[in-house]
>>> print(open('model-v7.tsv').read())   # TSV, N, CA, C and O atoms
chain	number	residue	atom	x	y	z
X	917	MET	N	12.43	-42.52	-161.95
X	917	MET	CA	12.23	-42.54	-160.52
X	917	MET	C	12.24	-41.11	-159.99
X	917	MET	O	13.02	-40.28	-160.42
X	918	LYS	N	11.35	-40.83	-159.05
X	918	LYS	CA	11.25	-39.50	-158.48
X	918	LYS	C	12.41	-39.23	-157.54
X	918	LYS	O	12.89	-40.12	-156.85
X	919	THR	N	12.83	-37.98	-157.53
X	919	THR	CA	13.88	-37.58	-156.59
X	919	THR	C	13.29	-37.41	-155.19
X	919	THR	O	12.10	-37.17	-155.05
X	920	ASN	N	14.12	-37.52	-154.21
X	920	ASN	CA	13.73	-37.35	-152.80
X	920	ASN	C	12.54	-38.23	-152.42
X	920	ASN	O	11.65	-37.82	-151.68
X	921	LYS	N	12.58	-39.46	-152.92
X	921	LYS	CA	11.49	-40.41	-152.68
X	921	LYS	C	11.26	-40.63	-151.19
X	921	LYS	O	10.11	-40.74	-150.74
X	922	ASP	N	12.33	-40.64	-150.41
X	922	ASP	CA	12.20	-40.86	-148.97
X	922	ASP	C	11.41	-39.74	-148.30
X	922	ASP	O	10.54	-40.00	-147.47
X	923	ILE	N	11.66	-38.51	-148.70
X	923	ILE	CA	10.94	-37.36	-148.15
X	923	ILE	C	9.47	-37.43	-148.57
X	923	ILE	O	8.56	-37.25	-147.75
X	924	ARG	N	9.23	-37.68	-149.84
X	924	ARG	CA	7.87	-37.74	-150.37
X	924	ARG	C	7.05	-38.83	-149.66
X	924	ARG	O	5.90	-38.61	-149.28
X	925	GLU	N	7.65	-40.00	-149.49
X	925	GLU	CA	6.95	-41.11	-148.83
X	925	GLU	C	6.65	-40.79	-147.37
X	925	GLU	O	5.57	-41.11	-146.87
X	926	LYS	N	7.59	-40.14	-146.70
X	926	LYS	CA	7.39	-39.80	-145.30
X	926	LYS	C	6.24	-38.81	-145.14
X	926	LYS	O	5.43	-38.94	-144.22
X	927	ILE	N	6.14	-37.85	-146.04
X	927	ILE	CA	5.05	-36.88	-146.00
X	927	ILE	C	3.72	-37.58	-146.24
X	927	ILE	O	2.75	-37.39	-145.50
X	928	GLU	N	3.68	-38.41	-147.27
X	928	GLU	CA	2.44	-39.10	-147.62
X	928	GLU	C	2.03	-40.12	-146.56
X	928	GLU	O	0.85	-40.20	-146.18
X	929	ASN	N	2.98	-40.89	-146.06
X	929	ASN	CA	2.67	-41.89	-145.03
X	929	ASN	C	2.25	-41.24	-143.71
X	929	ASN	O	1.46	-41.81	-142.97
X	930	GLY	N	2.79	-40.05	-143.45
X	930	GLY	CA	2.43	-39.32	-142.24
X	930	GLY	C	1.12	-38.57	-142.36
X	930	GLY	O	0.66	-37.95	-141.41
X	931	LYS	N	0.55	-38.62	-143.57
X	931	LYS	CA	-0.74	-37.97	-143.85
X	931	LYS	C	-0.71	-36.48	-143.51
X	931	LYS	O	-1.64	-35.94	-142.92
X	932	ILE	N	0.41	-35.85	-143.88
X	932	ILE	CA	0.50	-34.40	-143.76
X	932	ILE	C	0.59	-33.82	-145.16
X	932	ILE	O	0.79	-34.56	-146.13
X	933	LYS	N	0.47	-32.52	-145.26
X	933	LYS	CA	0.46	-31.86	-146.56
X	933	LYS	C	1.82	-31.24	-146.87
X	933	LYS	O	2.52	-30.78	-145.96
X	934	TYR	N	2.14	-31.20	-148.14
X	934	TYR	CA	3.39	-30.58	-148.56
X	934	TYR	C	3.45	-29.11	-148.15
X	934	TYR	O	4.51	-28.62	-147.75
X	935	TRP	N	2.31	-28.42	-148.21
X	935	TRP	CA	2.30	-27.01	-147.85
X	935	TRP	C	2.64	-26.80	-146.38
X	935	TRP	O	3.21	-25.77	-146.01
X	936	GLN	N	2.31	-27.77	-145.53
X	936	GLN	CA	2.62	-27.66	-144.11
X	936	GLN	C	4.14	-27.69	-143.89
X	936	GLN	O	4.67	-26.93	-143.08
X	937	VAL	N	4.80	-28.56	-144.62
X	937	VAL	CA	6.27	-28.64	-144.53
X	937	VAL	C	6.87	-27.34	-145.05
X	937	VAL	O	7.77	-26.77	-144.42
X	938	ALA	N	6.37	-26.86	-146.18
X	938	ALA	CA	6.86	-25.62	-146.77
X	938	ALA	C	6.69	-24.45	-145.79
X	938	ALA	O	7.61	-23.64	-145.62
X	939	TYR	N	5.53	-24.39	-145.15
X	939	TYR	CA	5.26	-23.32	-144.19
X	939	TYR	C	6.29	-23.33	-143.06
X	939	TYR	O	6.83	-22.28	-142.68
X	940	LYS	N	6.58	-24.51	-142.54
X	940	LYS	CA	7.56	-24.63	-141.45
X	940	LYS	C	8.98	-24.28	-141.92
X	940	LYS	O	9.80	-23.82	-141.14
X	941	LEU	N	9.23	-24.50	-143.22
X	941	LEU	CA	10.53	-24.13	-143.79
X	941	LEU	C	10.63	-22.63	-144.06
X	941	LEU	O	11.71	-22.12	-144.31
X	942	GLY	N	9.46	-21.98	-144.07
X	942	GLY	CA	9.44	-20.55	-144.34
X	942	GLY	C	9.46	-20.22	-145.82
X	942	GLY	O	9.91	-19.14	-146.21
X	943	ILE	N	9.00	-21.18	-146.64
X	943	ILE	CA	8.96	-20.95	-148.08
X	943	ILE	C	7.56	-21.26	-148.61
X	943	ILE	O	6.76	-21.91	-147.95
X	944	ASP	N	7.29	-20.79	-149.82
X	944	ASP	CA	6.01	-21.04	-150.48
X	944	ASP	C	5.92	-22.51	-150.89
X	944	ASP	O	6.94	-23.15	-151.16
X	945	ASP	N	4.71	-23.04	-150.93
X	945	ASP	CA	4.55	-24.46	-151.27
X	945	ASP	C	5.04	-24.78	-152.67
X	945	ASP	O	5.59	-25.87	-152.90
X	946	THR	N	4.92	-23.85	-153.60
X	946	THR	CA	5.43	-24.11	-154.95
X	946	THR	C	6.96	-24.16	-154.94
X	946	THR	O	7.56	-24.96	-155.66
X	947	ALA	N	7.58	-23.34	-154.11
X	947	ALA	CA	9.05	-23.36	-153.99
X	947	ALA	C	9.51	-24.70	-153.41
X	947	ALA	O	10.54	-25.24	-153.82
X	948	PHE	N	8.74	-25.23	-152.46
X	948	PHE	CA	9.08	-26.52	-151.88
X	948	PHE	C	8.97	-27.63	-152.92
X	948	PHE	O	9.86	-28.49	-153.01
X	949	SER	N	7.92	-27.60	-153.71
X	949	SER	CA	7.76	-28.60	-154.78
X	949	SER	C	8.91	-28.53	-155.77
X	949	SER	O	9.43	-29.56	-156.20
X	950	LYS	N	9.33	-27.33	-156.11
X	950	LYS	CA	10.46	-27.16	-157.03
X	950	LYS	C	11.75	-27.65	-156.40
X	950	LYS	O	12.59	-28.24	-157.07
X	951	LYS	N	11.90	-27.42	-155.10
X	951	LYS	CA	13.09	-27.86	-154.36
X	951	LYS	C	13.23	-29.38	-154.41
X	951	LYS	O	14.34	-29.91	-154.52
X	952	LEU	N	12.09	-30.08	-154.37
X	952	LEU	CA	12.11	-31.54	-154.37
X	952	LEU	C	12.43	-32.14	-155.74
X	952	LEU	O	12.66	-33.35	-155.85
X	953	ARG	N	12.47	-31.33	-156.76
X	953	ARG	CA	12.77	-31.83	-158.11
X	953	ARG	C	14.22	-32.28	-158.27
X	953	ARG	O	14.52	-33.10	-159.12
X	954	LYS	N	15.11	-31.71	-157.44
X	954	LYS	CA	16.52	-32.11	-157.45
X	954	LYS	C	16.84	-32.74	-156.11
X	954	LYS	O	16.32	-32.33	-155.08
X	955	GLU	N	17.69	-33.76	-156.15
X	955	GLU	CA	18.03	-34.47	-154.91
X	955	GLU	C	18.63	-33.50	-153.90
X	955	GLU	O	19.52	-32.72	-154.22
X	956	LEU	N	18.11	-33.54	-152.69
X	956	LEU	CA	18.56	-32.65	-151.63
X	956	LEU	C	19.84	-33.17	-150.98
X	956	LEU	O	20.11	-34.37	-150.99
X	957	SER	N	20.57	-32.26	-150.38
X	957	SER	CA	21.77	-32.66	-149.64
X	957	SER	C	21.33	-33.36	-148.36
X	957	SER	O	20.18	-33.23	-147.91
X	958	ASP	N	22.24	-34.09	-147.76
X	958	ASP	CA	21.93	-34.78	-146.50
X	958	ASP	C	21.52	-33.79	-145.42
X	958	ASP	O	20.63	-34.07	-144.62
X	959	LYS	N	22.15	-32.63	-145.40
X	959	LYS	CA	21.85	-31.60	-144.40
X	959	LYS	C	20.42	-31.09	-144.59
X	959	LYS	O	19.68	-30.94	-143.61
X	960	GLU	N	20.02	-30.83	-145.83
X	960	GLU	CA	18.66	-30.37	-146.11
X	960	GLU	C	17.63	-31.45	-145.76
X	960	GLU	O	16.58	-31.15	-145.19
X	961	LYS	N	17.95	-32.69	-146.10
X	961	LYS	CA	17.04	-33.79	-145.79
X	961	LYS	C	16.85	-33.94	-144.29
X	961	LYS	O	15.74	-34.18	-143.82
X	962	GLU	N	17.93	-33.79	-143.54
X	962	GLU	CA	17.85	-33.89	-142.08
X	962	GLU	C	16.92	-32.82	-141.52
X	962	GLU	O	16.06	-33.10	-140.67
X	963	LYS	N	17.06	-31.59	-142.01
X	963	LYS	CA	16.22	-30.49	-141.56
X	963	LYS	C	14.75	-30.76	-141.88
X	963	LYS	O	13.87	-30.58	-141.03
X	964	ILE	N	14.48	-31.20	-143.10
X	964	ILE	CA	13.10	-31.47	-143.54
X	964	ILE	C	12.52	-32.65	-142.77
X	964	ILE	O	11.36	-32.63	-142.37
X	965	ASN	N	13.32	-33.69	-142.55
X	965	ASN	CA	12.85	-34.85	-141.78
X	965	ASN	C	12.45	-34.47	-140.36
X	965	ASN	O	11.45	-34.98	-139.84
X	966	LYS	N	13.19	-33.57	-139.74
X	966	LYS	CA	12.84	-33.11	-138.40
X	966	LYS	C	11.51	-32.37	-138.42
X	966	LYS	O	10.68	-32.54	-137.53
X	967	ILE	N	11.31	-31.54	-139.43
X	967	ILE	CA	10.04	-30.81	-139.57
X	967	ILE	C	8.89	-31.79	-139.76
X	967	ILE	O	7.84	-31.66	-139.11
X	968	ILE	N	9.09	-32.78	-140.62
X	968	ILE	CA	8.04	-33.77	-140.87
X	968	ILE	C	7.72	-34.53	-139.58
X	968	ILE	O	6.55	-34.72	-139.24
X	969	ASP	N	8.75	-34.94	-138.86
X	969	ASP	CA	8.54	-35.65	-137.58
X	969	ASP	C	7.72	-34.81	-136.61
X	969	ASP	O	6.81	-35.31	-135.95
X	970	ASN	N	8.05	-33.52	-136.52
X	970	ASN	CA	7.31	-32.63	-135.62
X	970	ASN	C	5.86	-32.45	-136.06
X	970	ASN	O	4.96	-32.43	-135.22
X	971	LEU	N	5.63	-32.34	-137.36
X	971	LEU	CA	4.27	-32.20	-137.86
X	971	LEU	C	3.44	-33.45	-137.59
X	971	LEU	O	2.27	-33.36	-137.21
X	972	ILE	N	4.05	-34.61	-137.78
X	972	ILE	CA	3.35	-35.87	-137.51
X	972	ILE	C	3.02	-35.97	-136.02
X	972	ILE	O	1.91	-36.34	-135.65
X	973	LYS	N	3.97	-35.60	-135.18
X	973	LYS	CA	3.75	-35.63	-133.73
X	973	LYS	C	2.62	-34.69	-133.34
X	973	LYS	O	1.74	-35.05	-132.55
X	974	GLU	N	2.63	-33.46	-133.88
X	974	GLU	CA	1.56	-32.49	-133.60
X	974	GLU	C	0.20	-33.04	-134.04
X	974	GLU	O	-0.79	-32.90	-133.33
X	975	LYS	N	0.18	-33.66	-135.21
X	975	LYS	CA	-1.07	-34.21	-135.73
X	975	LYS	C	-1.60	-35.30	-134.80
X	975	LYS	O	-2.79	-35.34	-134.50
X	976	GLN	N	-0.72	-36.18	-134.34
X	976	GLN	CA	-1.15	-37.28	-133.47
X	976	GLN	C	-1.63	-36.75	-132.12
X	976	GLN	O	-2.58	-37.30	-131.55
X	977	GLU	N	-1.03	-35.69	-131.63
X	977	GLU	CA	-1.43	-35.10	-130.34
X	977	GLU	C	-2.81	-34.46	-130.45
X	977	GLU	O	-3.53	-34.39	-129.47
X	978	ASN	N	-3.15	-33.98	-131.63
X	978	ASN	CA	-4.42	-33.28	-131.82
X	978	ASN	C	-5.56	-34.20	-132.24
X	978	ASN	O	-6.69	-33.74	-132.42
X	979	GLU	N	-5.29	-35.46	-132.41
X	979	GLU	CA	-6.34	-36.41	-132.81
X	979	GLU	C	-7.11	-36.93	-131.63
X	979	GLU	O	-6.71	-36.99	-130.53
>>> encode(input="model-v7.tsv", output="structure tokens")
Amino acid sequence: MKTNKDIREKIENGKIKYWQVAYKLGIDDTAFSKKLRKELSDKEKEKINKIIDNLIKEKQENE
């Protein structure tokens, strides 16, 4: 089973790109992919979930 499945599903279901989340985190997209290989702390997940929510909202506003 993949780690951080909830984060991965939220990104995919929101139809946003992993690199967009990485950009908002201030890290390279490859670093973000590596970060997802190990289960994130609740604090990290909360931060990433907020970024994903904002990206989804921005996408919907621009459609």
>>> residues_around(input="model-v7.tsv", residues="range 956-959 of chain X", least_positions_apart="5", cutoff="6 Å", atoms="all atoms listed in the file", output="count of residues only")
3
>>> residues_near_point(input="model-v7.tsv", point="(4.5, -35.8, -141.4)", cutoff="12 Å", atoms="only C-alpha atoms", output="number ranges by chain")
X: 922-938, 940, 964-976
>>> atom_distance(input="model-v7.tsv", atom1="CA of Asn978 in chain X", atom2="CA of Glu962 in chain X")
24.5 Å
>>> atom_distance(input="model-v7.tsv", atom1="CA of Arg953 in chain X", atom2="CA of Lys918 in chain X")
7.8 Å
>>> select_by_dssp(input="model-v7.tsv", residues="chain X", states="alpha helix (DSSP H)", output="PyMOL selection string")
chain X and resi 921-929+934-941+945-951+958-977
>>> atom_distance(input="model-v7.tsv", atom1="atom C of Glu960 in chain X", atom2="atom O of Glu979 in chain X")
29.2 Å
>>> closest_residue(input="model-v7.tsv", among="X:Lys963, X:Leu952, X:Glu977, X:Gly942", to="Thr919 in chain X", atoms="all atoms listed in the file")
X:Leu952
>>> build_atoms(input="model-v7.tsv", residues="range 948-959 of chain X", atoms="all heavy atoms", output="CSV table (one decimal), in the frame of the given file")
chain,number,residue,atom,x,y,z
X,948,PHE,N,8.7,-25.2,-152.5
X,948,PHE,CA,9.1,-26.5,-151.9
X,948,PHE,C,9.0,-27.6,-152.9
X,948,PHE,O,9.9,-28.5,-153.0
X,948,PHE,CB,8.2,-26.8,-150.7
X,948,PHE,CG,8.5,-28.1,-150.0
X,948,PHE,CD1,9.8,-28.3,-149.4
X,948,PHE,CD2,7.6,-29.1,-149.8
X,948,PHE,CE1,10.1,-29.5,-148.8
X,948,PHE,CE2,7.8,-30.3,-149.2
X,948,PHE,CZ,9.1,-30.5,-148.7
X,949,SER,N,7.9,-27.6,-153.7
X,949,SER,CA,7.8,-28.6,-154.8
X,949,SER,C,8.9,-28.5,-155.8
X,949,SER,O,9.4,-29.6,-156.2
X,949,SER,CB,6.4,-28.4,-155.5
X,949,SER,OG,5.4,-28.7,-154.6
X,950,LYS,N,9.3,-27.3,-156.1
X,950,LYS,CA,10.5,-27.2,-157.0
X,950,LYS,C,11.8,-27.6,-156.4
X,950,LYS,O,12.6,-28.2,-157.1
X,950,LYS,CB,10.6,-25.7,-157.5
X,950,LYS,CG,9.5,-25.2,-158.4
X,950,LYS,CD,9.7,-23.8,-158.7
X,950,LYS,CE,8.5,-23.3,-159.6
X,950,LYS,NZ,8.6,-21.9,-160.0
X,951,LYS,N,11.9,-27.4,-155.1
X,951,LYS,CA,13.1,-27.9,-154.4
X,951,LYS,C,13.2,-29.4,-154.4
X,951,LYS,O,14.3,-29.9,-154.5
X,951,LYS,CB,13.0,-27.4,-152.9
X,951,LYS,CG,14.2,-27.6,-152.0
X,951,LYS,CD,13.8,-27.1,-150.7
X,951,LYS,CE,14.9,-26.3,-149.9
X,951,LYS,NZ,15.9,-25.6,-150.5
X,952,LEU,N,12.1,-30.1,-154.4
X,952,LEU,CA,12.1,-31.5,-154.4
X,952,LEU,C,12.4,-32.1,-155.7
X,952,LEU,O,12.7,-33.4,-155.8
X,952,LEU,CB,10.8,-32.1,-153.9
X,952,LEU,CG,10.4,-31.9,-152.4
X,952,LEU,CD1,9.0,-32.4,-152.1
X,952,LEU,CD2,11.5,-32.5,-151.5
X,953,ARG,N,12.5,-31.3,-156.8
X,953,ARG,CA,12.8,-31.8,-158.1
X,953,ARG,C,14.2,-32.3,-158.3
X,953,ARG,O,14.5,-33.1,-159.1
X,953,ARG,CB,12.5,-30.7,-159.2
X,953,ARG,CG,11.0,-30.5,-159.3
X,953,ARG,CD,10.7,-29.4,-160.3
X,953,ARG,NE,9.3,-29.0,-160.3
X,953,ARG,CZ,8.9,-28.0,-160.9
X,953,ARG,NH1,9.7,-27.2,-161.7
X,953,ARG,NH2,7.6,-27.7,-160.8
X,954,LYS,N,15.1,-31.7,-157.4
X,954,LYS,CA,16.5,-32.1,-157.4
X,954,LYS,C,16.8,-32.7,-156.1
X,954,LYS,O,16.3,-32.3,-155.1
X,954,LYS,CB,17.4,-30.9,-157.7
X,954,LYS,CG,17.2,-30.3,-159.1
X,954,LYS,CD,18.2,-29.2,-159.3
X,954,LYS,CE,18.0,-28.6,-160.7
X,954,LYS,NZ,18.9,-27.4,-160.9
X,955,GLU,N,17.7,-33.8,-156.2
X,955,GLU,CA,18.0,-34.5,-154.9
X,955,GLU,C,18.6,-33.5,-153.9
X,955,GLU,O,19.5,-32.7,-154.2
X,955,GLU,CB,19.0,-35.6,-155.2
X,955,GLU,CG,19.1,-36.6,-154.1
X,955,GLU,CD,17.8,-37.4,-153.9
X,955,GLU,OE1,17.1,-37.7,-154.8
X,955,GLU,OE2,17.6,-37.7,-152.7
X,956,LEU,N,18.1,-33.5,-152.7
X,956,LEU,CA,18.6,-32.6,-151.6
X,956,LEU,C,19.8,-33.2,-151.0
X,956,LEU,O,20.1,-34.4,-151.0
X,956,LEU,CB,17.5,-32.5,-150.6
X,956,LEU,CG,16.1,-32.0,-151.0
X,956,LEU,CD1,15.1,-32.1,-149.9
X,956,LEU,CD2,16.3,-30.5,-151.3
X,957,SER,N,20.6,-32.3,-150.4
X,957,SER,CA,21.8,-32.7,-149.6
X,957,SER,C,21.3,-33.4,-148.4
X,957,SER,O,20.2,-33.2,-147.9
X,957,SER,CB,22.6,-31.4,-149.3
X,957,SER,OG,21.9,-30.6,-148.3
X,958,ASP,N,22.2,-34.1,-147.8
X,958,ASP,CA,21.9,-34.8,-146.5
X,958,ASP,C,21.5,-33.8,-145.4
X,958,ASP,O,20.6,-34.1,-144.6
X,958,ASP,CB,23.1,-35.6,-146.0
X,958,ASP,CG,23.4,-36.8,-146.9
X,958,ASP,OD1,22.4,-37.3,-147.6
X,958,ASP,OD2,24.5,-37.4,-146.9
X,959,LYS,N,22.2,-32.6,-145.4
X,959,LYS,CA,21.8,-31.6,-144.4
X,959,LYS,C,20.4,-31.1,-144.6
X,959,LYS,O,19.7,-30.9,-143.6
X,959,LYS,CB,22.8,-30.5,-144.5
X,959,LYS,CG,22.7,-29.4,-143.5
X,959,LYS,CD,23.8,-28.3,-143.6
X,959,LYS,CE,23.6,-27.3,-142.5
X,959,LYS,NZ,24.7,-26.2,-142.6
